[in-house]
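Input: a single structure, listed below in structure tokens.
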Amino acid sequence: MVKNRVDIITLGCSKNLVDSEQLMKQFEAAGYTVRHDAGKVTGEIVVINTCGFIGDAKEESVNMILEFVQAKARKKIRKLFVMGCLSERYMQELAGEIPEVDKFYGKFDWKNLISDLGEIYREELRNDRVLTTPPHYAYVKIGEGCNRCCSYCAIPIITGRYHSRPVEEILDEVSRLVRKGVKEFQIIAQDLTYYGMDLYKAWKLPELIDRMAQLPGVEWIRLHYAYPARFPYELLSVMARHDNVCNYLDIALQHISDRMLDKMHRQVTKTETYELLNRIRREVPGIHLRTTLMVGHPGETEEDFEELKQFVKDMRFERMGAFAYSEEEGTFSASHYDDDIPDEVKQRRLDELMLLQEEIAAEINESKVGSTLRVIVDREEAEYYVGRTEYDSPEVDPEVLITKEKPLETGKFYDIEITSAQPFELFGRPVG
């Protein structure tokens, strides 16, 4: 074990990643060497940033904690700390069941970790961080919490009510990241569209993105996790007006059946959803929509599921993910509905939905063969350079595999001719 070295392990979403990056900056300022998700942990201190969203994520977090409890018992590490969503929700239970952990911190009190180690938390660095992403892109979190209270979701229980960051603070962070070489910004929150309502009593996302797009050096802005109810339509004109706002929107829809939308407390109807999506496509031509859908929520009938499949056929989402309902204690669904859909039925519906999406994705990708797209190069591999178009977010969306007929640089943009396609990959070569 290396003295004064900290290994930080992040589980779950990109919002957790931002927290880990901010913590890393504080450790560095205190004189520690910090590594993130290292292949081999060698530090004397390990911090695990946990996820508590659904059952699988909670299981992964607990298993990771137990793995490092064993490492501590074998004297491979000296201190083990746990933070994040799982710890926020189950702190007392975890502390009682896993006393080998030196201390548990919640989603928002991890700053105390620095002072508990005898160091000073530097308030002036609170928005600074050590980027763990490639240096040309970063995640920017504009808010925390959620006010929507969907029936199945534990996130409001974990994170509390919505809390927006001030516009000027976000723009200052983006400007500082530009000076560090960041070109692409993934704008994230549990609910982007609610941004500003708590702080300014107004839908401020359109103004924020409009001003951000005008900052020198901002090449791409990509929006993640919009909500369909009370969507701020002014955002669409901002997207259409600025070339550096990617033609991409991640908007989780979950279902389309009015029965299920009502049971899920989604605050939107089938008709409103179709109208919203059609308007988005009309006002932002060429936009690629990413969505997430749920199967197997209590009460979902075969008719509801067939309606969902027809919705996917109708809308032909360029990017789509899906998951099976997982009962989360403390939620409305857990206390008011029986989890009455057998696991094998959930899995069958999930498989059917994703097979349908694979066919759609294959057709959409095939339509791009012969076109020339602007691509940013993320990395170099043995046979290809690997990049993304404006329609693709890191880690979750398709990549472009670029032939090595001429040298390319990581973090730079190139015009790439698409030569062939698979459902979740494009192949191309540099133009010129």
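All residue names refer to the structure tokens as shown: chains lettered A, B, ... in order, residues numbered from 1 in each chain, ligands numbered from 1 in order.
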
With only C-alpha atoms as the counted atoms, please give the residues lying no more than 9 Å from Gly160 in chain A, apart from itself and same-chain residues fewer than 2 positions off, as a ChimeraX atom specification.
/A:144-147,155-158,162-163

Show me a table, sorted first by chain and then by increasing residue number, of the residues of range 315-398 of chain A having an atom at most 12 Å from range 186-208 of chain A, each with its shortest atom pair and the distance in Å to one decimal, counting only C-alpha atoms and written as a tab-separated table.
```
residue	atom	partner	partner_atom	distance
A:Glu390	CA	A:Gln186	CA	11.2
A:Asp392	CA	A:Gln186	CA	10.8
A:Ser393	CA	A:Gln186	CA	7.9
A:Pro394	CA	A:Gln186	CA	9.0
A:Glu395	CA	A:Gln186	CA	11.9
```

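The space separating CA of Val46 in chain A from CA of Ile142 in chain A comes to 27.6 Å.
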
Counting only C-alpha atoms, what is within 7 Å of Glu44 in chain A, bar same-chain residues fewer than 2 positions away, as a PyMOL selection string?
chain A and resi 1-6+42+46+77-79

Which neighbours of range 287-292 of chain A fall inside 10 Å, counting only C-alpha atoms, when residues of the same chain fewer than 2 positions from it are skipped, and could you give them as a PyMOL selection string?
chain A and resi 224-226+239-240+246-255+277+280-285+294+315-323+390-393+396-397

Write a file of the selected residues as a short mmCIF file (atom, residue, chain, number, x, y, z; two decimals), in the first residue's frame, keeping N, CA, C and O atoms.
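Ended up saving to result_17.cif:
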```
data_model
loop_
_atom_site.label_atom_id
_atom_site.label_comp_id
_atom_site.auth_asym_id
_atom_site.auth_seq_id
_atom_site.Cartn_x
_atom_site.Cartn_y
_atom_site.Cartn_z
N HIS A 224 -28.84 15.86 -21.20
CA HIS A 224 -29.24 14.56 -20.65
C HIS A 224 -30.32 14.69 -19.57
O HIS A 224 -30.22 15.53 -18.68
N TYR A 225 -31.31 13.80 -19.69
CA TYR A 225 -32.34 13.59 -18.67
C TYR A 225 -33.36 14.72 -18.58
O TYR A 225 -33.54 15.35 -17.54
N ALA A 226 -34.01 14.97 -19.70
CA ALA A 226 -35.17 15.85 -19.69
C ALA A 226 -36.40 15.06 -19.23
O ALA A 226 -36.39 13.84 -19.21
N MET A 239 -31.86 25.20 -29.34
CA MET A 239 -31.16 24.08 -29.97
C MET A 239 -31.03 24.29 -31.48
O MET A 239 -29.98 24.02 -32.07
N ALA A 240 -32.10 24.76 -32.08
CA ALA A 240 -32.09 24.95 -33.53
C ALA A 240 -31.19 26.12 -33.93
O ALA A 240 -30.61 26.11 -35.02
N CYS A 246 -25.80 20.15 -29.58
CA CYS A 246 -25.97 18.93 -30.37
C CYS A 246 -27.44 18.63 -30.63
O CYS A 246 -28.31 18.88 -29.78
N ASN A 247 -27.70 18.10 -31.82
CA ASN A 247 -29.05 17.63 -32.16
C ASN A 247 -29.30 16.31 -31.45
O ASN A 247 -29.38 15.24 -32.06
N TYR A 248 -29.45 16.40 -30.14
CA TYR A 248 -29.52 15.22 -29.27
C TYR A 248 -30.29 15.62 -28.02
O TYR A 248 -30.03 16.69 -27.45
N LEU A 249 -31.21 14.79 -27.61
CA LEU A 249 -31.93 15.02 -26.36
C LEU A 249 -32.23 13.69 -25.71
O LEU A 249 -32.83 12.81 -26.32
N ASP A 250 -31.81 13.58 -24.46
CA ASP A 250 -32.08 12.38 -23.66
C ASP A 250 -33.31 12.69 -22.80
O ASP A 250 -33.25 13.55 -21.92
N ILE A 251 -34.43 12.03 -23.10
CA ILE A 251 -35.68 12.32 -22.41
C ILE A 251 -36.34 11.00 -22.01
O ILE A 251 -36.85 10.26 -22.85
N ALA A 252 -36.30 10.67 -20.74
CA ALA A 252 -36.84 9.39 -20.26
C ALA A 252 -38.37 9.44 -20.27
O ALA A 252 -38.97 10.31 -19.66
N LEU A 253 -38.98 8.49 -20.97
CA LEU A 253 -40.44 8.49 -21.13
C LEU A 253 -41.12 7.36 -20.37
O LEU A 253 -42.31 7.47 -20.04
N GLN A 254 -40.45 6.28 -20.13
CA GLN A 254 -40.88 5.16 -19.30
C GLN A 254 -42.02 4.32 -19.90
O GLN A 254 -41.94 3.10 -19.93
N HIS A 255 -43.09 4.96 -20.39
CA HIS A 255 -44.20 4.18 -20.95
C HIS A 255 -45.06 5.10 -21.81
O HIS A 255 -44.81 6.31 -21.89
N LEU A 277 -43.09 14.85 -28.73
CA LEU A 277 -42.03 14.28 -29.56
C LEU A 277 -42.12 14.76 -31.00
O LEU A 277 -41.10 15.05 -31.64
N ILE A 280 -40.78 18.29 -31.07
CA ILE A 280 -39.32 18.31 -30.97
C ILE A 280 -38.69 17.99 -32.32
O ILE A 280 -37.79 18.69 -32.79
N ARG A 281 -39.18 16.95 -32.97
CA ARG A 281 -38.62 16.55 -34.27
C ARG A 281 -38.88 17.63 -35.33
O ARG A 281 -38.05 17.85 -36.21
N ARG A 282 -40.02 18.30 -35.24
CA ARG A 282 -40.36 19.32 -36.23
C ARG A 282 -39.49 20.57 -36.05
O ARG A 282 -39.04 21.17 -37.04
N GLU A 283 -39.27 20.99 -34.82
CA GLU A 283 -38.56 22.24 -34.56
C GLU A 283 -37.05 22.09 -34.53
O GLU A 283 -36.31 23.08 -34.67
N VAL A 284 -36.56 20.85 -34.34
CA VAL A 284 -35.12 20.60 -34.36
C VAL A 284 -34.87 19.49 -35.39
O VAL A 284 -34.70 18.33 -35.02
N PRO A 285 -34.87 19.83 -36.66
CA PRO A 285 -34.73 18.80 -37.71
C PRO A 285 -33.43 18.01 -37.54
O PRO A 285 -32.38 18.57 -37.24
N MET A 294 -39.66 1.46 -19.38
CA MET A 294 -39.75 0.46 -18.33
C MET A 294 -40.80 -0.59 -18.69
O MET A 294 -41.88 -0.26 -19.17
N MET A 315 -42.31 5.91 -33.13
CA MET A 315 -41.38 7.02 -32.89
C MET A 315 -39.98 6.73 -33.42
O MET A 315 -39.22 7.66 -33.67
N ARG A 316 -39.62 5.46 -33.57
CA ARG A 316 -38.31 5.09 -34.10
C ARG A 316 -37.19 5.89 -33.42
O ARG A 316 -36.47 6.67 -34.05
N PHE A 317 -37.07 5.68 -32.13
CA PHE A 317 -36.03 6.37 -31.37
C PHE A 317 -34.65 6.00 -31.89
O PHE A 317 -34.35 4.82 -32.09
N GLU A 318 -33.83 7.00 -32.09
CA GLU A 318 -32.47 6.74 -32.54
C GLU A 318 -31.65 6.02 -31.47
O GLU A 318 -30.77 5.22 -31.77
N ARG A 319 -31.95 6.32 -30.22
CA ARG A 319 -31.25 5.70 -29.09
C ARG A 319 -32.30 5.32 -28.05
O ARG A 319 -33.15 6.13 -27.70
N MET A 320 -32.23 4.10 -27.56
CA MET A 320 -33.23 3.69 -26.57
C MET A 320 -32.64 2.63 -25.64
O MET A 320 -31.95 1.71 -26.08
N GLY A 321 -32.92 2.78 -24.37
CA GLY A 321 -32.60 1.76 -23.40
C GLY A 321 -33.88 1.36 -22.68
O GLY A 321 -34.89 2.06 -22.74
N ALA A 322 -33.85 0.23 -22.01
CA ALA A 322 -35.04 -0.23 -21.27
C ALA A 322 -34.59 -1.03 -20.07
O ALA A 322 -33.48 -1.57 -20.04
N PHE A 323 -35.46 -1.09 -19.08
CA PHE A 323 -35.16 -1.91 -17.91
C PHE A 323 -36.45 -2.44 -17.32
O PHE A 323 -37.54 -1.93 -17.60
N GLU A 390 -22.15 14.00 -33.08
CA GLU A 390 -22.93 14.81 -32.14
C GLU A 390 -24.14 14.05 -31.61
O GLU A 390 -24.74 14.44 -30.60
N TYR A 391 -24.50 12.95 -32.25
CA TYR A 391 -25.68 12.18 -31.87
C TYR A 391 -25.36 11.11 -30.82
O TYR A 391 -26.23 10.30 -30.49
N ASP A 392 -24.12 11.11 -30.33
CA ASP A 392 -23.69 10.00 -29.48
C ASP A 392 -23.02 10.49 -28.21
O ASP A 392 -21.99 11.18 -28.25
N SER A 393 -23.58 10.10 -27.08
CA SER A 393 -23.01 10.43 -25.79
C SER A 393 -22.00 9.36 -25.39
O SER A 393 -22.14 8.20 -25.75
N VAL A 396 -22.67 5.34 -23.61
CA VAL A 396 -24.01 4.77 -23.73
C VAL A 396 -24.49 4.65 -25.17
O VAL A 396 -25.43 3.91 -25.45
N ASP A 397 -23.85 5.39 -26.09
CA ASP A 397 -24.33 5.43 -27.47
C ASP A 397 -23.32 4.82 -28.43
O ASP A 397 -22.17 4.55 -28.05
#
```

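Between Tyr105 in chain A and the candidates A:Val47, A:Cys150, A:Leu401, A:Ile65, the tightest atom-to-atom separation, counting only C-alpha atoms, involves A:Val47.
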
Do you know which residues are at most 8 Å from range 258-266 of chain A counting only C-alpha atoms, after dropping those on the same chain fewer than 5 positions away, and could you put them as a list in words?
Arg148, Cys149, Cys150, Ser151, Tyr152, Ala229, His297, Gly299, Glu300, Asp304 and Ser333 of chain A

Fewer than 6 positions away in the same chain doesn't count, so skip those; otherwise give me all residues within 8 Å of Lys25 in chain A, counting only C-alpha atoms, as a short mmCIF file (atom, residue, chain, number, x, y, z; two decimals) with C-alpha atoms, in the first residue's frame.
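So selection07.cif came out as:
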```
data_model
loop_
_atom_site.label_atom_id
_atom_site.label_comp_id
_atom_site.auth_asym_id
_atom_site.auth_seq_id
_atom_site.Cartn_x
_atom_site.Cartn_y
_atom_site.Cartn_z
CA LEU A 125 -12.22 24.80 -4.75
CA ASP A 128 -13.07 22.57 -9.16
CA ARG A 129 -12.36 18.95 -9.93
CA VAL A 130 -9.95 16.45 -11.35
#
```

Apply DSSP to the structure's backbone, then extract all residues of range 44-280 of chain A labelled helix (DSSP H, G or I) and return them as a VMD selection string.
chain A and resid 55 to 73 85 to 97 111 to 116 123 to 125 155 to 159 167 to 179 192 to 194 197 to 200 205 to 213 234 to 241 258 to 263 270 to 280

Exercise: Glu184 in chain A partners within 9 Å, only C-alpha atoms, chain neighbours under 5 positions left out, as a list in words
His136, Tyr137, Ala138, Tyr139, Val178, Val218, Glu219, Trp220, Ile221 and Arg222 of chain A
